[in-house]
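Asker: First, the structure itself, so that you have it in front of you.
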Amino acid sequence: MGGVNITVSLEHPGGNLIAQVSEISAPSDGSFVFGLVVPPLEDGTYVLRATPSDDSIEGGSVSVRIETPVSWWGSPLFGVPAYLWIIMMFSGLAIGLGGWLALHRVSATRTSQCGKCGTTMPRDVQRCPSCGADVPPPDPGAF
Ligand SMILES: [Zn+2]
């Protein structure tokens, strides 16, 4: 044996040819190495078919799973797909925002009175909504 040329083709499951490399020289043990330039493909299962140039070795085909390796979307990050991290980040943000709003509402319910006109107003305003007088910032220690 030896000197058998093999043609390797990548095909869609339906049989359409995607890429092909021919004249791969197969040593006598039947193993061979090849390089195949593959155009951008949708992720999926494709068929890799090896066809020898004569009948001295047997051809065959295998199903290969092709996934786009450069896509960050879905690429594992500490074993968790990126889209899951995004969901986790959004939920973390929502929790943080909800906590901030709750704190803000609590502080807004604390009121003080304008020293000039006596209007009751939220503690955290800098100017009286009624008469426009400057309101001194609340004592940080006082509630
Ligand atoms: Zn006032």
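Naming scheme: A, B, ... for chains in displayed order of the structure tokens; residues 1 onward per chain; ligands 1 onward as shown.
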Distance table requested - chain A against ligand 1, cut-off 6 Å, only C-alpha atoms and all ligand atoms: one row per qualifying residue with the closest atom pair and its distance in Å to one decimal, ordered by chain and rising residue number, as a Markdown table.
Answerer:
| residue | atom | partner | partner_atom_place_in_ligand_line | distance |
| --- | --- | --- | --- | --- |
| A:Cys114 | CA | ligand 1 | 1 (Zn) | 4.6 |
| A:Lys116 | CA | ligand 1 | 1 (Zn) | 5.0 |
| A:Cys117 | CA | ligand 1 | 1 (Zn) | 4.1 |
| A:Gly118 | CA | ligand 1 | 1 (Zn) | 5.9 |
| A:Thr119 | CA | ligand 1 | 1 (Zn) | 5.5 |
| A:Cys128 | CA | ligand 1 | 1 (Zn) | 4.7 |
| A:Ser130 | CA | ligand 1 | 1 (Zn) | 5.1 |
| A:Cys131 | CA | ligand 1 | 1 (Zn) | 4.1 |
| A:Gly132 | CA | ligand 1 | 1 (Zn) | 5.9 |
| A:Ala133 | CA | ligand 1 | 1 (Zn) | 5.4 |
Asker: Can you pull out every residue within 9 Å of Ile18 of chain A, counting only C-alpha atoms, but drop anything in the same chain fewer than 6 positions away, and send it as a count of residues only?
Answerer: 6
Asker: Mind pulling up the distance from atom CA of Leu41 of chain A to atom CA of Asn16 of chain A?
Answerer: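 Here the two named atoms are 12.9 Å from each other.
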Asker: So that I can check the surroundings of Val37 of chain A, please list as a PyMOL selection string every protein, DNA and RNA residue that reaches within 9 Å of it, counting only C-alpha atoms and ignoring chain neighbours fewer than 6 positions away.
Answerer: chain A and resi 19-21
Asker: Enter the distance from atom CA of Glu23 of chain A to atom CA of Ser56 of chain A, in Å, rounded to one decimal.
Answerer: 15.2 Å
Asker: How many Å separate atom CA of Ser22 of chain A from atom CA of Pro40 of chain A?
Answerer: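 Separation between atom CA of Ser22 of chain A and atom CA of Pro40 of chain A: 20.3 Å.
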